[in-house]
>>> print(open('run_10.txt').read())   # compact mmCIF, C-alpha atoms
# COMPACT_ATOMS: atom_id res chain seq x y z
CA MET A 1 119.33 99.34 106.01
CA THR A 2 116.61 98.75 103.42
CA GLN A 3 115.34 101.79 101.49
CA LYS A 4 111.57 102.22 101.50
CA PRO A 5 109.93 102.24 98.05
CA ASP A 6 108.64 105.57 96.66
CA ARG A 7 105.58 103.97 95.10
CA ALA A 8 102.65 102.22 96.68
CA PRO A 9 101.06 99.31 94.78
CA SER A 10 98.87 100.65 91.97
CA SER A 11 97.14 99.67 88.76
CA ASN A 12 96.93 101.93 85.67
CA ASP A 13 97.85 105.61 85.61
CA GLY A 14 94.45 107.09 84.63
CA GLN A 15 95.93 110.05 82.71
CA ALA A 16 93.65 112.81 81.46
CA ASP A 17 96.47 114.35 79.39
CA GLY A 18 100.25 114.59 79.57
CA ARG A 19 100.29 116.53 82.85
CA PHE A 20 97.50 115.00 84.90
CA SER A 21 97.79 111.67 86.65
CA SER A 22 96.18 109.80 89.51
CA ASP A 23 99.60 108.55 90.69
CA TYR A 24 101.65 110.74 93.04
CA VAL A 25 105.01 109.32 91.88
CA VAL A 26 104.21 110.09 88.23
CA LEU A 27 103.25 113.66 89.20
CA ARG A 28 106.39 114.11 91.29
CA ASP A 29 108.65 112.84 88.52
CA ARG A 30 107.02 115.14 85.92
CA PHE A 31 107.36 118.12 88.27
CA LEU A 32 111.06 117.38 88.92
CA LYS A 33 111.76 116.88 85.21
CA ALA A 34 110.12 120.24 84.42
CA CYS A 35 112.13 121.90 87.23
CA THR A 36 115.39 120.53 85.83
CA ALA A 37 114.51 121.65 82.30
CA ALA A 38 113.63 125.14 83.60
CA GLY A 39 116.96 125.43 85.43
CA ALA A 40 115.52 125.56 88.95
CA SER A 41 117.44 124.73 92.07
CA VAL A 42 115.46 122.02 93.89
CA GLU A 43 115.65 121.27 97.60
CA GLU A 44 114.02 118.28 99.29
CA PHE A 45 112.76 118.24 102.88
CA SER A 46 112.09 114.68 104.06
CA HIS A 47 109.33 113.86 106.51
CA PRO A 48 110.54 111.71 109.43
CA LEU A 49 107.73 109.16 108.96
CA ASN A 50 106.86 106.93 106.01
CA GLY A 51 103.57 106.74 104.13
CA PRO A 52 100.90 104.08 104.64
CA HIS A 53 102.69 101.69 102.24
CA GLY A 54 106.18 102.43 103.58
CA GLU A 55 106.92 105.02 100.89
CA ARG A 56 109.16 108.00 101.59
CA LEU A 57 107.38 111.31 102.25
CA ALA A 58 108.92 114.68 101.38
CA THR A 59 108.32 118.23 100.22
CA ARG A 60 110.28 119.45 97.24
CA VAL A 61 110.84 123.16 96.64
CA ALA A 62 112.09 124.61 93.35
CA ARG A 63 113.45 128.16 93.39
CA PHE A 64 113.56 130.56 90.46
CA GLY A 65 115.03 134.03 90.17
CA THR A 66 117.64 135.76 92.28
CA PRO A 67 118.18 133.95 95.62
CA SER A 68 118.24 137.29 97.47
CA ALA A 69 115.05 138.60 95.81
CA ARG A 70 113.08 141.01 98.01
CA LYS A 71 109.73 139.82 96.63
CA MET A 72 108.84 136.12 96.69
CA LEU A 73 105.81 134.31 95.29
CA VAL A 74 105.25 130.92 96.93
CA VAL A 75 103.20 128.39 94.96
CA LEU A 76 102.15 125.04 96.51
CA SER A 77 100.44 122.18 94.74
CA GLY A 78 98.41 121.15 97.80
CA VAL A 79 99.16 119.12 100.86
CA HIS A 80 96.77 116.18 100.54
CA GLY A 81 94.11 114.72 98.30
CA ILE A 82 93.03 115.73 94.84
CA GLU A 83 94.16 119.37 95.03
CA GLY A 84 97.74 118.13 95.07
CA ALA A 85 97.29 116.36 91.73
CA CYS A 86 95.64 119.34 90.05
CA GLY A 87 98.12 121.80 91.53
CA SER A 88 101.06 119.67 90.44
CA ALA A 89 99.75 119.58 86.86
CA CYS A 90 99.34 123.40 86.90
CA GLN A 91 102.85 123.91 88.27
CA THR A 92 104.32 121.57 85.66
CA ALA A 93 102.50 123.48 82.89
CA LEU A 94 103.82 126.80 84.26
CA LEU A 95 107.36 125.44 84.15
CA GLU A 96 107.07 123.79 80.73
CA GLN A 97 105.74 127.02 79.20
CA GLY A 98 108.82 128.90 80.42
CA LEU A 99 106.83 131.50 82.35
CA LEU A 100 109.45 131.72 85.12
CA LYS A 101 112.53 132.15 82.93
CA GLU A 102 112.57 135.96 82.83
CA LEU A 103 111.76 137.34 86.26
CA PRO A 104 112.62 140.90 87.34
CA PRO A 105 115.83 141.00 89.42
CA ASP A 106 114.00 141.65 92.71
CA VAL A 107 111.43 138.83 92.25
CA GLY A 108 111.75 135.15 93.08
CA VAL A 109 109.39 132.20 92.91
CA ALA A 110 109.36 129.14 95.16
CA SER A 111 107.27 126.31 93.75
CA GLY A 112 106.62 123.42 96.11
CA GLN A 113 105.20 119.93 95.82
CA CYS A 114 104.24 118.25 99.09
CA ARG A 115 103.76 114.61 100.00
CA LEU A 116 102.60 114.31 103.57
CA ARG A 117 101.03 111.52 105.59
CA GLY A 118 97.48 111.12 104.42
CA THR A 119 98.25 111.97 100.79
CA PRO A 120 97.10 108.92 98.87
CA SER A 121 99.51 107.31 96.41
CA ARG A 122 96.58 106.79 94.06
CA LEU A 123 94.11 109.62 93.68
CA CYS A 124 90.55 109.37 92.42
CA LEU A 125 90.23 111.48 89.28
CA SER A 126 86.81 111.25 87.70
>>> encode(input="run_10.txt", output="structure tokens")
Amino acid sequence: MTQKPDRAPSSNDGQADGRFSSDYVVLRDRFLKACTAAGASVEEFSHPLNGPHGERLATRVARFGTPSARKMLVVLSGVHGIEGACGSACQTALLEQGLLKELPPDVGVASGQCRLRGTPSRLCLS
């Protein structure tokens, strides 16, 4: 069985700074790298269909704090379009600044990055 590529054909990255990008795969990789550096446990939930260019679609959720925390903040980077790119950059900044390292024992954070059908591989940032 042939694995579908994660990236659709694209040209340049169109970065505004180190966290923003117009390319979903770049954003995803930065988010996952920041999650690993922050010590998060990351779970991936695959979508049963592929994207318009055959790419794999999934939602990734990073958890911080005590797994049995009674209070949970859920942060999503968006489900389609430009809000996903901006939200992903904000989540990555939150992680890189270490703001989730010292949570009270009864508080947890779930930070998610979604890639659903209809989310373009290349986003228009202008």
>>> atom_distance(input="run_10.txt", atom1="CA of Pro105 (chain A)", atom2="CA of Ala89 (chain A)")
26.9 Å
>>> closest_residue(input="run_10.txt", among="A:Leu99, A:Met72, A:Val26, A:Val61", to="Ala40 (chain A)", atoms="only C-alpha atoms")
A:Val61
>>> residues_around(input="run_10.txt", residues="Leu95 (chain A)", least_positions_apart="5", cutoff="8 Å", atoms="all atoms listed in the file", output="PyMOL selection string")
chain A and resi 34-35+38+100
>>> closest_residue(input="run_10.txt", among="A:Gln113, A:Asn50, A:Ser21, A:Thr92", to="Thr36 (chain A)", atoms="all atoms listed in the file")
A:Thr92
>>> atom_distance(input="run_10.txt", atom1="CA of Pro104 (chain A)", atom2="CA of Val75 (chain A)")
17.4 Å
